[in-house]
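S.K.: Next comes model27.cif, mmCIF, C-alpha atoms:
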```
data_my_file
#
loop_
_atom_site.label_atom_id
_atom_site.label_comp_id
_atom_site.auth_asym_id
_atom_site.auth_seq_id
_atom_site.Cartn_x
_atom_site.Cartn_y
_atom_site.Cartn_z
CA MET A 1 38.30 -5.08 -15.76
CA ILE A 2 36.03 -5.09 -12.70
CA THR A 3 33.96 -7.97 -11.37
CA VAL A 4 30.71 -7.47 -9.46
CA GLU A 5 29.58 -10.32 -7.24
CA LEU A 6 25.84 -10.28 -6.58
CA PRO A 7 23.89 -12.12 -3.88
CA ASN A 8 21.62 -14.96 -5.00
CA VAL A 9 18.51 -12.85 -4.48
CA LEU A 10 19.58 -10.53 -7.33
CA CYS A 11 20.50 -13.26 -9.79
CA SER A 12 16.97 -13.25 -11.20
CA TYR A 13 18.00 -9.96 -12.85
CA THR A 14 21.14 -11.41 -14.44
CA ALA A 15 20.02 -14.69 -15.97
CA ASP A 16 21.13 -16.48 -12.81
CA ASN A 17 24.67 -15.20 -13.15
CA PRO A 18 26.05 -14.09 -9.74
CA SER A 19 29.28 -12.75 -11.18
CA LEU A 20 29.27 -9.94 -13.74
CA VAL A 21 32.42 -8.82 -15.46
CA LEU A 22 32.43 -5.16 -16.48
CA ASP A 23 34.56 -4.55 -19.52
CA GLU A 24 34.07 -0.77 -19.47
CA PRO A 25 36.79 1.34 -17.87
CA CYS A 26 35.73 2.19 -14.29
CA LYS A 27 37.66 4.45 -11.97
CA THR A 28 35.23 4.46 -9.05
CA VAL A 29 32.50 2.40 -7.44
CA GLY A 30 30.00 4.84 -8.94
CA ASP A 31 31.40 4.20 -12.43
CA ALA A 32 31.13 0.46 -11.85
CA LEU A 33 27.51 0.68 -10.69
CA ALA A 34 26.63 2.78 -13.73
CA ALA A 35 28.21 0.11 -15.93
CA LEU A 36 26.30 -2.56 -14.01
CA GLY A 37 23.11 -0.61 -14.66
CA ARG A 38 23.74 -0.69 -18.39
CA LYS A 39 24.06 -4.48 -18.23
CA SER A 40 21.23 -5.01 -15.77
CA PRO A 41 19.03 -2.01 -14.94
CA GLY A 42 16.86 -4.15 -12.68
CA ALA A 43 19.80 -5.19 -10.51
CA LEU A 44 20.97 -1.60 -10.19
CA ASP A 45 17.48 -0.50 -9.10
CA ARG A 46 17.72 -2.93 -6.20
CA ILE A 47 21.10 -1.60 -5.12
CA MET A 48 20.43 2.13 -5.58
CA ASP A 49 17.26 4.20 -5.42
CA GLU A 50 16.25 6.65 -8.13
CA ARG A 51 18.17 9.46 -6.41
CA GLY A 52 21.35 7.49 -6.92
CA ASP A 53 21.76 6.64 -3.24
CA VAL A 54 22.86 3.15 -2.27
CA ARG A 55 19.95 1.61 -0.35
CA ARG A 56 20.28 1.89 3.39
CA HIS A 57 20.55 -1.85 4.08
CA VAL A 58 22.89 -2.67 1.19
CA ASN A 59 26.65 -2.76 1.60
CA LEU A 60 29.31 -2.65 -1.10
CA PHE A 61 32.78 -4.00 -0.49
CA VAL A 62 35.86 -3.34 -2.60
CA ASN A 63 38.64 -5.79 -1.92
CA GLY A 64 37.13 -6.53 1.47
CA GLU A 65 36.52 -2.93 2.58
CA ASN A 66 33.02 -1.48 3.04
CA VAL A 67 32.87 1.62 0.84
CA ARG A 68 30.67 3.38 3.41
CA PHE A 69 33.83 3.76 5.45
CA LEU A 70 35.94 4.77 2.46
CA ASP A 71 34.78 7.38 -0.07
CA GLY A 72 31.37 5.88 -0.85
CA LEU A 73 30.62 5.92 -4.56
CA SER A 74 33.84 7.88 -5.15
CA THR A 75 35.91 5.02 -3.77
CA PRO A 76 38.51 4.06 -6.41
CA VAL A 77 38.34 0.60 -7.94
CA PRO A 78 41.71 -0.61 -9.19
CA ASN A 79 41.77 -2.68 -12.34
CA GLY A 80 41.06 -6.29 -11.48
CA ALA A 81 39.11 -5.43 -8.33
CA THR A 82 36.00 -7.25 -7.22
CA ILE A 83 32.99 -5.43 -5.81
CA PHE A 84 30.83 -7.51 -3.52
CA VAL A 85 27.17 -6.51 -3.10
CA LEU A 86 25.77 -7.79 0.20
CA ALA A 87 22.66 -7.38 2.33
CA ALA A 88 23.44 -5.57 5.56
CA VAL A 89 22.96 -7.22 8.91
CA SER A 90 19.24 -6.47 9.14
CA GLY A 91 16.26 -8.36 7.90
CA GLY A 92 12.56 -8.87 7.47
CA MET B 1 4.60 -8.24 6.56
CA LYS B 2 6.66 -11.23 5.40
CA GLY B 3 5.07 -12.19 2.12
CA ALA B 4 1.72 -12.72 0.41
CA PHE B 5 -0.56 -15.64 1.14
CA VAL B 6 -3.26 -16.63 -1.33
CA LEU B 7 -6.34 -18.30 0.16
CA ARG B 8 -8.72 -20.01 -2.22
CA SER B 9 -12.25 -21.21 -1.69
CA ASP B 10 -15.37 -21.95 -3.68
CA ARG B 11 -18.64 -20.07 -3.68
CA ALA B 12 -19.60 -21.55 -0.29
CA ARG B 13 -16.52 -19.95 1.30
CA LYS B 14 -16.44 -22.55 4.07
CA LYS B 15 -13.09 -24.21 3.43
CA TRP B 16 -9.97 -22.34 2.46
CA ARG B 17 -6.71 -23.57 0.98
CA VAL B 18 -3.68 -21.50 1.96
CA GLU B 19 -0.88 -20.99 -0.58
CA GLY B 20 2.35 -19.17 0.06
CA PRO B 21 4.12 -17.27 1.18
CA HIS B 22 4.97 -15.63 -2.08
CA PHE B 23 7.75 -12.99 -1.91
CA ARG B 24 9.20 -14.66 1.18
CA GLY B 25 10.53 -12.07 3.63
CA GLU B 26 9.12 -9.05 1.81
CA ALA B 27 6.34 -6.80 3.09
CA VAL B 28 3.26 -6.59 0.86
CA TYR B 29 1.28 -3.47 1.66
CA ALA B 30 -0.90 -3.40 -1.45
CA LEU B 31 -2.69 -5.99 -3.58
CA LEU B 32 -5.22 -5.72 -6.38
CA HIS B 33 -7.14 -8.28 -8.42
CA ASP B 34 -8.51 -6.61 -11.53
CA THR B 35 -11.00 -8.21 -13.93
CA ARG B 36 -11.87 -5.32 -16.25
CA GLY B 37 -9.71 -6.46 -19.13
CA GLU B 38 -9.89 -9.54 -21.29
CA ARG B 39 -7.76 -11.45 -18.78
CA PRO B 40 -7.61 -10.98 -15.02
CA ARG B 41 -4.53 -9.26 -13.64
CA THR B 42 -3.28 -9.39 -10.10
CA PHE B 43 -0.80 -6.88 -8.71
CA ALA B 44 1.32 -7.09 -5.57
CA ALA B 45 3.46 -4.27 -4.19
CA THR B 46 6.39 -5.95 -2.49
CA ASN B 47 9.04 -4.29 -0.38
CA SER B 48 12.30 -5.84 0.69
CA MET B 49 14.02 -4.20 3.63
CA HIS B 50 17.28 -4.60 1.77
CA TRP B 51 16.43 -4.29 -1.91
CA GLY B 52 13.52 -1.86 -1.89
CA PRO B 53 10.04 -1.81 -3.41
CA THR B 54 8.84 -3.50 -6.59
CA LEU B 55 5.54 -4.06 -8.33
CA ARG B 56 4.82 -7.66 -9.31
CA THR B 57 2.05 -9.07 -11.48
CA SER B 58 0.29 -12.39 -11.91
CA GLY B 59 -1.80 -13.55 -14.84
CA ASP B 60 -3.02 -16.75 -13.18
CA ASN B 61 -4.82 -15.38 -10.11
CA GLY B 62 -1.77 -15.32 -7.87
CA ALA B 63 -0.45 -18.83 -8.52
CA THR B 64 2.75 -17.56 -10.14
CA TRP B 65 4.25 -14.07 -10.26
CA SER B 66 6.41 -12.12 -12.63
CA GLU B 67 10.10 -11.84 -11.96
CA PRO B 68 10.93 -8.30 -10.93
CA GLY B 69 12.47 -6.14 -13.61
CA PRO B 70 13.58 -2.52 -13.63
CA GLN B 71 11.63 -0.37 -11.19
CA THR B 72 8.66 1.04 -13.09
CA VAL B 73 7.12 3.20 -10.34
CA ARG B 74 9.86 5.76 -9.86
CA PHE B 75 10.15 9.44 -9.08
CA PRO B 76 11.69 11.76 -11.65
CA ALA B 77 15.38 12.33 -11.06
CA ASP B 78 14.83 16.06 -10.49
CA SER B 79 12.20 15.48 -7.78
CA GLY B 80 14.76 14.65 -5.12
CA ARG B 81 12.51 11.83 -3.95
CA ALA B 82 12.82 8.06 -3.99
CA LEU B 83 10.08 5.47 -3.77
CA ALA B 84 9.88 4.06 -0.24
CA GLN B 85 6.71 1.99 -0.56
CA ILE B 86 3.61 1.43 -2.67
CA TRP B 87 0.63 1.71 -0.31
CA GLN B 88 -2.25 1.32 -2.72
CA ILE B 89 -2.95 -0.13 -6.16
CA ALA B 90 -6.29 0.90 -7.58
CA SER B 91 -8.16 0.07 -10.77
CA GLY B 92 -9.22 2.85 -13.07
CA ARG B 93 -12.79 3.20 -14.25
CA ALA B 94 -14.67 0.33 -15.87
CA THR B 95 -14.45 2.11 -19.22
CA GLU B 96 -10.64 2.36 -18.98
CA PRO B 97 -9.46 -1.21 -18.42
CA ASP B 98 -5.78 -0.38 -18.88
CA VAL B 99 -5.74 2.46 -16.35
CA PHE B 100 -4.34 1.85 -12.89
CA TYR B 101 -3.22 4.06 -10.01
CA CYS B 102 -0.58 3.62 -7.34
CA GLY B 103 -0.53 5.64 -4.14
CA VAL B 104 2.97 5.71 -2.71
CA GLU B 105 5.31 6.92 0.01
CA PRO B 106 6.59 9.62 -0.03
CA ALA B 107 3.10 10.87 -0.78
CA ALA B 108 2.47 10.86 -4.53
CA LEU B 109 0.10 9.38 -7.08
CA PHE B 110 1.27 7.41 -10.09
CA GLU B 111 -0.87 6.52 -13.10
CA SER B 112 -0.50 3.81 -15.71
CA ARG B 113 -2.46 3.87 -18.94
CA ASP B 114 -0.97 0.69 -20.41
CA GLY B 115 -2.07 -1.97 -17.98
CA GLY B 116 0.69 -1.36 -15.45
CA GLU B 117 3.66 -1.57 -17.80
CA SER B 118 4.73 2.03 -17.29
CA TRP B 119 3.86 4.63 -14.66
CA GLN B 120 3.90 8.41 -14.58
CA PRO B 121 3.68 10.61 -11.48
CA ASN B 122 0.75 12.98 -11.20
CA GLN B 123 2.45 16.34 -11.60
CA GLY B 124 -0.32 18.32 -9.93
CA LEU B 125 0.24 16.51 -6.65
CA LEU B 126 3.99 16.11 -7.08
CA ASN B 127 4.37 19.87 -7.22
CA HIS B 128 1.44 20.84 -4.99
CA GLU B 129 2.07 23.96 -2.94
CA HIS B 130 1.05 22.12 0.23
CA GLN B 131 3.41 19.22 -0.37
CA PRO B 132 6.40 20.59 1.61
CA LYS B 133 4.16 20.87 4.70
CA TRP B 134 2.74 17.34 4.66
CA GLN B 135 4.02 15.37 7.63
CA PRO B 136 4.54 11.61 7.95
CA GLY B 137 2.16 9.64 10.13
CA GLY B 138 3.25 6.58 12.08
CA GLY B 139 3.52 4.54 8.89
CA GLY B 140 5.30 7.21 6.89
CA LEU B 141 4.13 9.99 4.57
CA CYS B 142 1.88 7.89 2.40
CA LEU B 143 -0.83 8.39 -0.18
CA HIS B 144 -2.94 5.36 0.66
CA THR B 145 -6.40 5.92 -0.81
CA VAL B 146 -7.67 6.56 -4.34
CA VAL B 147 -11.39 7.15 -4.91
CA LEU B 148 -12.71 7.64 -8.45
CA ASP B 149 -15.96 9.13 -9.60
CA PRO B 150 -17.35 6.35 -11.79
CA ASP B 151 -19.45 8.79 -13.80
CA ASN B 152 -17.21 11.82 -14.14
CA PRO B 153 -13.77 10.97 -15.56
CA ARG B 154 -12.42 14.34 -14.44
CA ARG B 155 -13.13 13.82 -10.74
CA MET B 156 -11.08 11.82 -8.28
CA LEU B 157 -10.09 12.02 -4.66
CA ILE B 158 -7.02 10.86 -2.74
CA ALA B 159 -6.05 10.74 0.93
CA ILE B 160 -2.67 11.26 2.52
CA SER B 161 -1.43 10.52 6.01
CA SER B 162 -0.74 13.20 7.09
CA GLY B 163 -1.88 15.62 4.44
CA GLY B 164 -5.61 15.05 4.38
CA VAL B 165 -8.07 14.63 1.55
CA TYR B 166 -7.53 16.24 -1.86
CA ARG B 167 -9.88 16.26 -4.80
CA SER B 168 -9.34 16.96 -8.46
CA ASP B 169 -12.17 18.06 -10.75
CA ASP B 170 -10.04 18.50 -13.86
CA GLY B 171 -8.67 15.04 -14.52
CA GLY B 172 -5.80 15.30 -12.04
CA LYS B 173 -4.27 18.58 -13.22
CA SER B 174 -5.04 20.48 -10.02
CA TRP B 175 -6.00 19.40 -6.52
CA ARG B 176 -7.89 21.16 -3.73
CA ALA B 177 -7.74 20.20 -0.06
CA ARG B 178 -11.17 18.92 1.05
CA ASN B 179 -10.97 18.70 4.83
CA VAL B 180 -13.57 21.12 6.18
CA GLY B 181 -14.87 19.66 9.43
CA VAL B 182 -12.12 17.03 9.84
CA ARG B 183 -10.19 17.33 13.08
CA ALA B 184 -6.43 17.19 13.56
CA GLN B 185 -6.29 16.11 17.20
CA PHE B 186 -2.52 16.34 17.31
CA LEU B 187 -2.44 20.13 16.74
CA PRO B 188 -2.87 22.91 19.33
CA GLU B 189 -6.55 23.28 20.23
CA GLU B 190 -7.22 26.49 18.32
CA HIS B 191 -5.67 24.99 15.16
CA ARG B 192 -7.42 21.62 15.10
CA TYR B 193 -9.39 22.22 11.92
CA PRO B 194 -6.71 23.24 9.39
CA GLU B 195 -7.17 23.45 5.64
CA PHE B 196 -4.91 20.41 5.26
CA GLY B 197 -2.56 18.25 7.30
CA GLN B 198 -5.12 15.87 8.80
CA CYS B 199 -4.08 12.28 9.35
CA VAL B 200 -6.77 10.57 7.30
CA HIS B 201 -6.61 6.79 7.57
CA LYS B 202 -9.17 5.67 4.98
CA VAL B 203 -11.95 6.99 2.74
CA VAL B 204 -14.59 4.81 1.06
CA HIS B 205 -17.70 5.29 -1.02
CA HIS B 206 -20.19 3.21 -2.98
CA PRO B 207 -20.28 3.61 -6.77
CA ALA B 208 -24.08 3.89 -6.65
CA ARG B 209 -23.75 7.02 -4.50
CA PRO B 210 -20.29 8.29 -5.36
CA GLU B 211 -20.76 11.74 -3.85
CA ARG B 212 -21.28 10.31 -0.36
CA LEU B 213 -17.96 9.54 1.29
CA PHE B 214 -17.10 7.93 4.61
CA LEU B 215 -13.83 8.71 6.36
CA GLN B 216 -11.95 7.00 9.19
CA ASN B 217 -9.60 9.57 10.64
CA HIS B 218 -6.79 9.52 13.17
CA TRP B 219 -9.49 10.36 15.74
CA GLY B 220 -12.77 11.00 14.02
CA LEU B 221 -15.38 9.22 11.96
CA TYR B 222 -16.94 11.35 9.24
CA ARG B 223 -19.32 11.47 6.32
CA SER B 224 -19.54 13.86 3.42
CA ASP B 225 -22.55 14.14 1.12
CA ASP B 226 -20.89 16.47 -1.37
CA TRP B 227 -17.68 14.82 -2.56
CA GLY B 228 -15.70 16.03 0.44
CA ASP B 229 -16.65 19.70 0.39
CA ASN B 230 -17.98 19.34 3.93
CA TRP B 231 -17.59 16.62 6.53
CA ARG B 232 -19.69 15.89 9.59
CA ASP B 233 -19.12 13.62 12.55
CA ILE B 234 -20.88 10.24 12.49
CA ALA B 235 -19.25 8.61 15.53
CA ASN B 236 -22.63 7.59 16.89
CA GLY B 237 -22.35 4.72 19.33
CA VAL B 238 -18.82 3.52 18.69
CA PRO B 239 -16.46 2.79 21.61
CA SER B 240 -13.75 4.91 19.98
CA ASP B 241 -13.61 7.06 16.88
CA PHE B 242 -9.96 6.13 16.39
CA GLY B 243 -9.20 3.38 13.91
CA PHE B 244 -7.61 2.56 10.61
CA ALA B 245 -9.74 0.24 8.52
CA MET B 246 -13.01 1.07 6.79
CA GLN B 247 -14.89 -0.97 4.20
CA MET B 248 -17.98 -0.29 2.13
CA HIS B 249 -20.60 -2.98 1.71
CA PRO B 250 -20.37 -4.16 -1.90
CA HIS B 251 -24.09 -3.80 -2.61
CA ASP B 252 -25.64 -1.47 -0.02
CA PRO B 253 -24.51 2.18 -0.14
CA ASP B 254 -25.77 2.73 3.42
CA THR B 255 -23.67 -0.03 5.00
CA VAL B 256 -20.08 0.51 6.14
CA TYR B 257 -17.74 -1.55 8.35
CA ILE B 258 -15.02 -0.33 10.72
CA VAL B 259 -12.87 -1.75 13.51
CA PRO B 260 -12.54 0.83 16.30
CA ILE B 261 -9.18 1.04 18.06
CA GLU B 262 -8.82 2.39 21.58
CA ALA B 263 -6.33 5.21 21.01
CA ASP B 264 -3.28 6.30 19.09
CA ILE B 265 -1.18 5.70 22.20
CA PHE B 266 -2.78 2.27 22.73
CA ARG B 267 -3.49 0.74 19.35
CA ALA B 268 -5.63 -2.17 20.44
CA THR B 269 -9.30 -3.04 20.28
CA PRO B 270 -11.24 -1.35 23.16
CA GLU B 271 -11.94 -3.43 26.27
CA ALA B 272 -9.84 -6.21 24.74
CA LYS B 273 -12.86 -7.20 22.62
CA LEU B 274 -12.45 -7.80 18.91
CA ARG B 275 -15.50 -6.08 17.43
CA VAL B 276 -16.32 -5.02 13.92
CA TYR B 277 -18.83 -2.18 13.89
CA ARG B 278 -21.38 -1.81 11.13
CA THR B 279 -23.71 0.98 10.20
CA ARG B 280 -26.70 0.22 7.98
CA ASN B 281 -27.97 3.76 7.92
CA ALA B 282 -24.97 5.67 6.61
CA GLY B 283 -23.56 6.47 10.02
CA ALA B 284 -26.67 7.44 11.99
CA SER B 285 -25.91 4.49 14.29
CA TRP B 286 -23.34 1.70 14.56
CA GLN B 287 -23.73 -1.81 15.96
CA PRO B 288 -21.02 -4.22 17.13
CA LEU B 289 -20.60 -7.51 15.28
CA THR B 290 -19.11 -10.04 17.69
CA LYS B 291 -20.44 -13.53 17.05
CA GLY B 292 -17.43 -15.76 16.56
CA LEU B 293 -14.89 -13.08 17.51
CA PRO B 294 -12.97 -13.19 20.82
CA GLN B 295 -14.61 -10.96 23.43
CA SER B 296 -11.90 -11.12 26.07
CA GLY B 297 -8.14 -10.85 26.00
CA ALA B 298 -8.15 -9.61 22.41
CA TYR B 299 -5.66 -6.75 22.15
CA GLU B 300 -5.80 -6.61 18.39
CA ASN B 301 -5.22 -4.02 15.69
CA VAL B 302 -6.60 -4.01 12.15
CA LEU B 303 -4.74 -1.75 9.75
CA ARG B 304 -6.10 0.45 6.99
CA ASP B 305 -6.09 -2.07 4.15
CA ALA B 306 -6.68 -5.20 6.22
CA LEU B 307 -10.51 -5.06 6.07
CA THR B 308 -12.25 -5.96 2.83
CA ALA B 309 -15.32 -7.53 1.23
CA ASP B 310 -16.11 -9.89 -1.60
CA SER B 311 -18.79 -9.39 -4.24
CA PHE B 312 -21.16 -12.30 -3.57
CA ASP B 313 -24.85 -11.65 -2.98
CA SER B 314 -24.45 -12.53 0.69
CA ALA B 315 -21.35 -10.43 1.04
CA GLY B 316 -18.26 -11.89 2.60
CA ILE B 317 -16.38 -9.56 4.94
CA TYR B 318 -12.78 -10.34 5.85
CA PHE B 319 -10.11 -8.79 8.05
CA GLY B 320 -6.62 -9.57 9.25
CA THR B 321 -4.97 -8.56 12.48
CA ARG B 322 -1.49 -7.41 13.28
CA SER B 323 -1.18 -10.60 15.30
CA GLY B 324 -1.58 -12.67 12.13
CA LYS B 325 -5.16 -13.90 12.37
CA LEU B 326 -7.50 -13.80 9.40
CA TYR B 327 -11.24 -13.71 10.11
CA GLY B 328 -14.11 -13.98 7.68
CA SER B 329 -17.88 -13.71 7.62
CA ARG B 330 -20.07 -15.25 4.91
CA ASP B 331 -23.19 -13.46 6.10
CA GLU B 332 -22.28 -9.78 5.96
CA GLY B 333 -20.79 -9.75 9.46
CA ALA B 334 -23.48 -11.59 11.43
CA THR B 335 -21.12 -14.48 12.26
CA TRP B 336 -17.36 -14.83 11.98
CA THR B 337 -14.84 -17.63 11.82
CA GLU B 338 -11.08 -17.63 12.07
CA ILE B 339 -9.90 -18.65 8.60
CA ALA B 340 -6.20 -18.71 9.40
CA GLY B 341 -3.97 -17.98 12.38
CA GLY B 342 -0.26 -17.86 13.02
CA LEU B 343 0.40 -15.76 9.96
CA PRO B 344 2.90 -12.89 10.01
CA PRO B 345 1.43 -9.46 10.87
CA ILE B 346 -1.32 -8.72 8.35
CA VAL B 347 -1.33 -5.31 6.66
CA CYS B 348 -3.42 -5.97 3.56
CA VAL B 349 -6.38 -8.24 2.74
CA LYS B 350 -7.98 -8.12 -0.72
CA THR B 351 -10.43 -10.39 -2.52
CA GLY B 352 -11.10 -11.42 -6.09
CA THR B 353 -13.28 -13.91 -7.90
CA ALA B 354 -12.00 -16.15 -10.66
CA GLY B 355 -13.46 -18.86 -12.82
CA ALA B 356 -16.93 -20.31 -12.60
CA ALA B 357 -18.42 -19.37 -9.26
#
```
Could the structure of this file be written out as structure tokens, please?

M.R.:
Amino acid sequence: MITVELPNVLCSYTADNPSLVLDEPCKTVGDALAALGRKSPGALDRIMDERGDVRRHVNLFVNGENVRFLDGLSTPVPNGATIFVLAAVSGG
Amino acid sequence: MKGAFVLRSDRARKKWRVEGPHFRGEAVYALLHDTRGERPRTFAATNSMHWGPTLRTSGDNGATWSEPGPQTVRFPADSGRALAQIWQIASGRATEPDVFYCGVEPAALFESRDGGESWQPNQGLLNHEHQPKWQPGGGGLCLHTVVLDPDNPRRMLIAISSGGVYRSDDGGKSWRARNVGVRAQFLPEEHRYPEFGQCVHKVVHHPARPERLFLQNHWGLYRSDDWGDNWRDIANGVPSDFGFAMQMHPHDPDTVYIVPIEADIFRATPEAKLRVYRTRNAGASWQPLTKGLPQSGAYENVLRDALTADSFDSAGIYFGTRSGKLYGSRDEGATWTEIAGGLPPIVCVKTGTAGAA
């Protein structure tokens, strides 16, 4: 079981729920995002573009580590892990 | 650049009420108020630096907006492209009230035939043989202008920065570059009139004379009398032929408005004077419109979609500056007032009428 924690700005896509529990088996961050997309395609569109690339100013953390500095979407997610989706330190 | 502001007034257009910002923190490069259908529809193309672009709609003239859902304007997975920004939302013809177009970055045209619910990319442009050679301008590689022939449903024209003007005469299946006579100042001297690759900033026309087009180029002010087959210079009496914005008069096909900018390397109004220029003879001559506009210390820039008009008999002309000032004229440009100041940088100004005027 994997939990995805979303920032408030994306909760409009998830009926105001900031914390989504994925009950599908997920081995990697990419698996988890695909499962997230099946629950909430709108939220996934905000995190990834249509090429499947994580947006440039979005960061994903698994157990406190930024996956950009691990294996990106191939980063393993152990059962019980939490993925945090956060806006990068940039703004408009 | 940081949201959309809705300004409302009555027919007199003297007092304005400012609402907003909607989409706080997001850039809004394209807006459209469409009244062809049974109910008015308003579109806003929003773009969050973090969360990307979305298309939002309003059914109550911009008072409230739809929550964003799944991204509807999207490139096919096999295209290798991803939507960076929607630069233009355009209504289809009067006879097709559910048809809309979006011009986007990277340069492509999307079409909706169901009132904006779903969008399909135009395959003729998506796979155009010139497409790999189009180059981004300062704002990115964007398709920013859609011009329809109101009489011939098979003819339309688009403009890309930097790709130039393309026209389709077969309903969008195929597209031909239409840039003969348009200069590409940024190329070596002997190559300054290429088939395509020009940095066109805006093209306008009047539905009463659809074949006659006016073009503000990245250096160059042009007119075509044959749907873009040939262009000729009409920079007659302007302080600079560089600029971004261009607006047709809503009722007079001979009258066009521009805001000249000094140069690409100094994007500010010439001589620090904020002047709108108007031609009333289809480009044979241009006159400055200055009454009510600052004529000293005004280092302003007006971007390609930040100059617009309303549809009243005495046409209102409006423009916004990169410094966040919104100006308006109720008398076709003769006199101007500052409607709002202190706004974020303005990239798009559009008008619409609603209710009893």

S.K.: Nearest to Arg51 (chain A) among B:Asp305, B:Glu190, B:Glu271, B:Asp78, with distances taken over all atoms listed in the file: which residue is it?

M.R.: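 The answer is B:Asp78, which sits nearest to Arg51 (chain A).
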
S.K.: Using the chain letters and numbers from this file, what does the PyMOL selection byres ((chain B) within 6 of (chain A)) select? Give the answer as a VMD selection string.

M.R.: chain B and resid 25 50 to 51 69 to 70 82

S.K.: Neighbouring residues of Leu289 (chain B) were defined as those with any atom within 10 Å, considering all atoms listed in the file; residues of the same chain fewer than 2 positions away were excluded. Please report them as a list of chain:residue names.

M.R.: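 So the residues in contact are B:Tyr257, B:Val259, B:Leu274, B:Arg275, B:Val276, B:Tyr277, B:Arg278, B:Trp286, B:Gln287, B:Lys291, B:Gly292, B:Leu293, B:Glu332, B:Gly333, B:Ala334, B:Thr335, B:Trp336.
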
S.K.: List the residues matched by the PyMOL selection byres ((chain B and resi 30) around 10) in the displayed structure as a list in words, ordered by chain and then by residue number.

M.R.: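 After applying the PyMOL selection byres ((chain B and resi 30) around 10), what remains is Ala4, Ala27, Val28, Tyr29, Leu31, Leu32, Phe43, Ala44, Ala45, Thr46, Leu55, Gln85, Ile86, Trp87, Gln88, Ile89, Ala90, Cys102, Gly103, Val104, His144, Asp305, Ala306, Val347, Cys348, Val349 and Lys350 of chain B.
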
S.K.: Give me, as a PDB file with C-alpha atoms, in the frame of the given file, all polymer residues having an atom no more than 10 Å from Ser9 (chain B), counting only C-alpha atoms and skipping those fewer than 5 positions away in the same chain.

M.R.:
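And here is the file that came out, selection.pdb:
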```
ATOM      1  CA  LYS B  14     -16.440 -22.550   4.070  1.00  0.00           C
ATOM      2  CA  LYS B  15     -13.090 -24.210   3.430  1.00  0.00           C
ATOM      3  CA  TRP B  16      -9.970 -22.340   2.460  1.00  0.00           C
ATOM      4  CA  ARG B  17      -6.710 -23.570   0.980  1.00  0.00           C
ATOM      5  CA  VAL B  18      -3.680 -21.500   1.960  1.00  0.00           C
ATOM      6  CA  THR B 353     -13.280 -13.910  -7.900  1.00  0.00           C
ATOM      7  CA  ALA B 357     -18.420 -19.370  -9.260  1.00  0.00           C
TER       8      ALA B 357
END
```

S.K.: Can you work out the spacing between CA of Leu326 (chain B) and CA of Ile346 (chain B) in Å, to one decimal?

M.R.: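 One can read the CA of Leu326 (chain B) to CA of Ile346 (chain B) distance as 8.1 Å.
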
S.K.: Contacts of Ala309 (chain B) at 8 Å or less, counting all atoms listed in the file, minus same-chain residues fewer than 2 places along, as a VMD selection string?

M.R.: chain B and resid 247 to 250 307 311 315 to 318 350 to 351

S.K.: Do you know which residues the PyMOL selection byres ((chain A and resi 69-82) around 6) returns on this file, as a ChimeraX atom specification?

M.R.: /A:1-4,27-30,66-68,83

S.K.: So what do you get for CA of Asn179 (chain B) versus CA of Ser224 (chain B), distance-wise?

M.R.: 9.9 Å

S.K.: Using only C-alpha atoms, can you tell me which of B:Pro106, B:Pro288, B:Pro53, B:Pro210 comes closest to Thr72 (chain B)?

M.R.: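 So, comparing all the options, the nearest one is B:Pro53.
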
S.K.: I'd like the contact shell of Ser285 (chain B) - 12 Å cut-off, all atoms listed in the file, skipping same-chain residues fewer than 3 positions apart - returned as a PyMOL selection string.

M.R.: chain B and resi 221+233-238+254-257+277-282+288

S.K.: The centre and edge lengths of an axis-aligned box containing all atoms of region 197-205 of chain B present in the file, extended by 6 Å on each side, are to be given in Å to one decimal, as AutoDock Vina command-line options.

M.R.:
```
--center_x -10.1 --center_y 11.5 --center_z 4.2 --size_x 27.1 --size_y 25.4 --size_z 22.4
```

S.K.: State, in Å with one decimal place, the distance from CA of Val62 (chain A) to CA of Met49 (chain B).

M.R.: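 These two atoms are separated by 22.7 Å.
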
S.K.: In terms of the shortest atom-to-atom distance over only C-alpha atoms, which of A:Ala35, A:Pro18, A:Cys26, A:Leu60 is closest to Leu6 (chain A)?

M.R.: A:Pro18
